[in-house]
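Working notes, structure below.
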Amino acid sequence: MKRLLLRSGKSPFDVVPVEEAIHRDVIATNSGNLIFSDAAHKILTTPETEVVSNGMRTDVSAAGRINEEFDAFVIPLANAFRPSFEPSLRRLTRLISKLRIPVVILGVGAQAGVTYDPARLKDMEPTVRAFCAAVLERSASIGVRGEFTEQYLTGLGFKDVEVIGCPSMFLHGDRLPVEKKAPALTAGSRIAVNGSHSAMRSGLHRIVERAHARYPDLTYIGQNIQDARQLHWRDVNSAAGRITEMPTHPDHPMYREGKARVYMDPATWIEDLRGFDYSFGSRIHGNIAALLAGTPATVLAFDSRTLELCRYFEIPHQRLDQTPPDTDPAELYEKADFGPLTGNHRERFDRFVAFLDKNGLPNTFSHGDGGEAFDKKLRSLSFPPGVRPWNDTDLASLSTRFGWLQQRITELDTHNAQLKRELAKSRAGAKARVNAAKPVPSVYRRARRAMGGRLRRALGSDQ
């Protein structure tokens with residue numbers, strides 16, 4: 001049995017209560033991370049291959065154990081080449097440098113603006129070079145998400161770079177059935193909208209405001225951990241939490257109307273999106289989740305990470321900065337053509353499989369049951385529903401929240417009591433060691449007097 005270690009927030013089969021998922025941040029700040037890590041988990045699971053999640057933690061000291069217990073380390077990444085991720089990239093490089101097993105990168109991306117200007121990445125080039133060099137010593141090539149990242153890495157001198165997109169798009173293998181459910185959107189259409197905090201502040205909130213007025217069944221689906229905290233706990237204490245343009249903020253009308261969600265599990269996210277007629281917004285994985293559900297989607301590309309994926313997979317898109325604030329989702333829906341997306345999907349899937357083969361990674365579609373056992377196990381589990389606004393007095397909802405808080409208080413009290421006992425024991429031990437090192441005063445004084453008397457008598461006899 002081959003064992004793969006997969007960098008992911010949690011296993012797809014881990015059922016975590018909402019409160020615990022938010023507290024532990026199992027989505028690693030963005031629930032989109034679970035879309036591509038769960039897809040990678042499914043794709044790489046075969047009768048001869050076991051996939052184990054590492055929980056996202058980069059523990060350099062665990063290198064020895066990883067070498068002994070696993071046959072390869074697989075790292076699905078998103079926009080890892082960005083300044084804010086540089087410290088994490090350095091830690092990851094230190095870990096990889098200590099590994100003797102293959103290390104395979106799935107879909108890493110560089111983040112810049114929609115003009116593909118890499119100037120903001122200049123200062124971190126040494127870190128990116130070190131990372132890529134360490135990986136290529138342990139794999140045949142690096143899989144990147146699109147054209148911009150390919151150009152960026154080849155510009156740094158790396159030749160073994162392949163555009164493979166994102167594993168999330170291959171959750172169903174070579175199948176991606178997406179078609180419009182109606183010739184046009186109407187006031188009664190169910191529409192999902194998504195967007196990052198940055199995109200909202202850059203004009204997307206105006207489009208959302210107008211869509212909210214036109215479509216009663218418009219629902220905002222957030223992805224950020226702060227979005228989840230706001231919905232579940234009404235937490236607005238962080239800097240991000242004070243952005244009132246976000247429909248997940250308690251002051252927003254969509255929050256008050258209960259028209260906002262955050263999903264902590266891709267299974268419920270994708271399943272719920274099957275009931276929508278359309279999805280749009282700046283979140284790439286928010287719209288990929290819709291496409292995986294068979295629901296049409298349009299991406300309003302806000303940066304290179306979204307734009308290059310849209311171009312590679314031929315997902316209907318347009319730049320957010322070129323989208324007027326009075327744009328009606330019906331216009332985006334009408335323009336969206338899903339022929340290239342679905343028609344060329346098989347070719348992209350074959351390219352992805354070839355990359356896996358080159359790097360010695362069997363996949364469930366070529367070497368297994370096509371993910372049937374994976375999907376069956378997933379369906380047998382009961383995941384929490386999407387996090388929704390806390391704006392009611394439902395007793396069951398309140399009891400769940402307060403029950404978790406009481407449990408946390410009990411756990412913290414127990415932990416604090418243990419710390420106090422350990423501290424008291426440590427202080428007592430330190431005091432004992434100090435006392436043992438000191439001479440006993442009374443004995444010392446008697447010894448000194450005795451020595452002095454003997455000295456005086458000896459001197460006296462000499463005289």
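Identifiers in the structure tokens: chain A, B, ... in order shown; residue index from 1 per chain; ligand index from 1 in order shown.
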Q: List every residue of segment 160-247 of chain A that DSSP, applied to the backbone of this structure, places in strand (DSSP E or B), and write the result as a ChimeraX atom specification.
A: /A:161-163,191-194,218-222,224
(Q) Residues of segment 168-278 of chain A classed as alpha helix (DSSP H) by DSSP on the backbone are to be reported as number ranges by chain. (A) A: 197-199, 205-214, 225-233, 253-256, 266-273
List as JSON lines every residue of segment 77-141 of chain A that is in contact with segment 303-325 of chain A, defined as an atom at most 6 Å from one of its atoms (using only C-alpha atoms), together with the nearest atom pair and the distance in Å rounded to one decimal, sorted by chain and then rising number.
{"residue": "A:Gln111", "atom": "CA", "partner": "A:Arg305", "partner_atom": "CA", "distance": 5.5}
{"residue": "A:Ala112", "atom": "CA", "partner": "A:Ser304", "partner_atom": "CA", "distance": 5.3}
{"residue": "A:Gly113", "atom": "CA", "partner": "A:Asp303", "partner_atom": "CA", "distance": 4.5}
{"residue": "A:Val114", "atom": "CA", "partner": "A:Asp303", "partner_atom": "CA", "distance": 4.5}
Closest-contact table, segment 370-446 of chain A side, partner segment 238-252 of chain A, 9 Å, counting only C-alpha atoms, as JSON lines:
{"residue": "A:Arg388", "atom": "CA", "partner": "A:Thr248", "partner_atom": "CA", "distance": 8.8}
{"residue": "A:Pro389", "atom": "CA", "partner": "A:Thr248", "partner_atom": "CA", "distance": 7.4}
{"residue": "A:Trp390", "atom": "CA", "partner": "A:Pro250", "partner_atom": "CA", "distance": 8.6}
{"residue": "A:Asn391", "atom": "CA", "partner": "A:Pro250", "partner_atom": "CA", "distance": 8.4}
Q.
Need to verify the contact set: Val353 of chain A, 10 Å, only C-alpha atoms, exclusion of same-chain residues closer than 2 positions in sequence. Can you return it as a PyMOL selection string?
A. chain A and resi 43+164+170+173+348-351+355-359+361-363+365-366
Q.
Just want the 8 Å neighbourhood of Ile270 of chain A, counted on only C-alpha atoms, with same-chain residues fewer than 5 positions away dropped. Output as JSON, numbers by chain.
A. {"A": [289, 290, 292, 293]}
Write the residues you've just listed into a file as an mmCIF file, in the first residue's frame, and include N, CA, C and O atoms for each of them.
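Writing the result to out-v6.cif gives the following:
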data_model
loop_
_atom_site.group_PDB
_atom_site.id
_atom_site.type_symbol
_atom_site.label_atom_id
_atom_site.label_comp_id
_atom_site.auth_asym_id
_atom_site.auth_seq_id
_atom_site.Cartn_x
_atom_site.Cartn_y
_atom_site.Cartn_z
ATOM 1 N N ALA A 289 -17.080 25.820 -7.397
ATOM 2 C CA ALA A 289 -18.027 24.988 -6.651
ATOM 3 C C ALA A 289 -19.358 24.915 -7.397
ATOM 4 O O ALA A 289 -19.996 23.855 -7.470
ATOM 5 N N ALA A 290 -19.775 26.052 -7.959
ATOM 6 C CA ALA A 290 -21.024 26.064 -8.737
ATOM 7 C C ALA A 290 -20.892 25.200 -9.989
ATOM 8 O O ALA A 290 -21.782 24.400 -10.305
ATOM 9 N N LEU A 292 -18.947 22.686 -10.498
ATOM 10 C CA LEU A 292 -18.920 21.273 -10.098
ATOM 11 C C LEU A 292 -20.320 20.774 -9.763
ATOM 12 O O LEU A 292 -20.593 19.570 -9.845
ATOM 13 N N ALA A 293 -21.209 21.687 -9.392
ATOM 14 C CA ALA A 293 -22.602 21.337 -9.113
ATOM 15 C C ALA A 293 -23.438 21.346 -10.383
ATOM 16 O O ALA A 293 -24.635 21.044 -10.330
#
Q: Name the residues in contact with segment 12-22 of chain A at a cut-off of 8 Å, using only C-alpha atoms, excluding same-chain residues fewer than 5 positions from it; report them as a ChimeraX atom specification.
A: /A:27,38,41,225,228-229,264-265,377-378,381-384,387,401,404
Based on the selection just made, write N, CA and C atoms of those residues as a PDB file, in the first residue's frame.
ATOM      1  N   ILE A  27     -10.346  25.684   7.518  1.00  0.00           N
ATOM      2  CA  ILE A  27     -10.322  26.108   6.120  1.00  0.00           C
ATOM      3  C   ILE A  27      -9.054  26.896   5.788  1.00  0.00           C
ATOM      4  N   ASP A  38      -9.768  18.671  -1.171  1.00  0.00           N
ATOM      5  CA  ASP A  38     -10.667  17.516  -1.202  1.00  0.00           C
ATOM      6  C   ASP A  38     -10.629  16.840  -2.562  1.00  0.00           C
ATOM      7  N   HIS A  41      -7.524  14.828  -2.773  1.00  0.00           N
ATOM      8  CA  HIS A  41      -7.670  13.627  -1.938  1.00  0.00           C
ATOM      9  C   HIS A  41      -8.421  12.539  -2.705  1.00  0.00           C
ATOM     10  N   ILE A 225     -12.567  33.147   6.773  1.00  0.00           N
ATOM     11  CA  ILE A 225     -12.848  32.718   8.144  1.00  0.00           C
ATOM     12  C   ILE A 225     -13.536  33.832   8.921  1.00  0.00           C
ATOM     13  N   ALA A 228     -17.195  33.671   8.328  1.00  0.00           N
ATOM     14  CA  ALA A 228     -17.837  32.634   9.139  1.00  0.00           C
ATOM     15  C   ALA A 228     -18.029  33.108  10.569  1.00  0.00           C
ATOM     16  N   ARG A 229     -17.023  33.797  11.125  1.00  0.00           N
ATOM     17  CA  ARG A 229     -17.141  34.293  12.502  1.00  0.00           C
ATOM     18  C   ARG A 229     -18.241  35.334  12.625  1.00  0.00           C
ATOM     19  N   MET A 264     -18.239  25.189   5.526  1.00  0.00           N
ATOM     20  CA  MET A 264     -17.003  24.654   6.077  1.00  0.00           C
ATOM     21  C   MET A 264     -16.670  23.277   5.495  1.00  0.00           C
ATOM     22  N   ASP A 265     -17.532  22.776   4.611  1.00  0.00           N
ATOM     23  CA  ASP A 265     -17.311  21.489   3.947  1.00  0.00           C
ATOM     24  C   ASP A 265     -17.722  21.608   2.482  1.00  0.00           C
ATOM     25  N   LYS A 377     -18.627   6.990   0.534  1.00  0.00           N
ATOM     26  CA  LYS A 377     -18.291   7.257   1.929  1.00  0.00           C
ATOM     27  C   LYS A 377     -18.694   8.676   2.309  1.00  0.00           C
ATOM     28  N   LEU A 378     -18.481   9.624   1.394  1.00  0.00           N
ATOM     29  CA  LEU A 378     -18.841  11.016   1.655  1.00  0.00           C
ATOM     30  C   LEU A 378     -20.348  11.148   1.872  1.00  0.00           C
ATOM     31  N   LEU A 381     -21.860  10.342   5.347  1.00  0.00           N
ATOM     32  CA  LEU A 381     -21.565  11.234   6.463  1.00  0.00           C
ATOM     33  C   LEU A 381     -22.560  12.393   6.506  1.00  0.00           C
ATOM     34  N   SER A 382     -22.785  12.918   7.687  1.00  0.00           N
ATOM     35  CA  SER A 382     -23.699  14.041   7.853  1.00  0.00           C
ATOM     36  C   SER A 382     -22.908  15.281   8.262  1.00  0.00           C
ATOM     37  N   PHE A 383     -22.657  16.154   7.293  1.00  0.00           N
ATOM     38  CA  PHE A 383     -21.868  17.359   7.546  1.00  0.00           C
ATOM     39  C   PHE A 383     -22.774  18.498   8.019  1.00  0.00           C
ATOM     40  N   PRO A 384     -22.234  19.421   8.800  1.00  0.00           N
ATOM     41  CA  PRO A 384     -23.034  20.576   9.232  1.00  0.00           C
ATOM     42  C   PRO A 384     -23.474  21.396   8.024  1.00  0.00           C
ATOM     43  N   VAL A 387     -22.892  27.788   7.331  1.00  0.00           N
ATOM     44  CA  VAL A 387     -23.056  28.756   8.424  1.00  0.00           C
ATOM     45  C   VAL A 387     -23.952  29.888   7.926  1.00  0.00           C
ATOM     46  N   ARG A 401     -24.666  26.835  20.376  1.00  0.00           N
ATOM     47  CA  ARG A 401     -23.591  27.809  20.575  1.00  0.00           C
ATOM     48  C   ARG A 401     -23.154  27.864  22.041  1.00  0.00           C
ATOM     49  N   TRP A 404     -21.304  24.778  23.244  1.00  0.00           N
ATOM     50  CA  TRP A 404     -19.893  24.744  22.846  1.00  0.00           C
ATOM     51  C   TRP A 404     -19.071  25.696  23.701  1.00  0.00           C
TER      52      TRP A 404
END
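In this model, the gap between atom CA of Ala267 of chain A and atom CA of Leu398 of chain A comes to 24.9 Å.
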Q) Excluding same-chain residues fewer than 2 positions from segment 132-140 of chain A, what lies within 10 Å of it counting only C-alpha atoms, as a PyMOL selection string? A) chain A and resi 72-73+92-105+127-130+142-143+153+156+158+160-161+355-356+358-360
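Distances here use only C-alpha atoms; by that measure, the residue among A:Ala336, A:Asn287, A:Gly281, A:Ile409 closest to Pro183 of chain A is A:Ala336.
Between atom CA of Ala354 of chain A and atom CA of Asp375 of chain A the separation is 23.5 Å.
One finds atom CA of Thr29 of chain A at 5.6 Å from atom CA of Asn224 of chain A.
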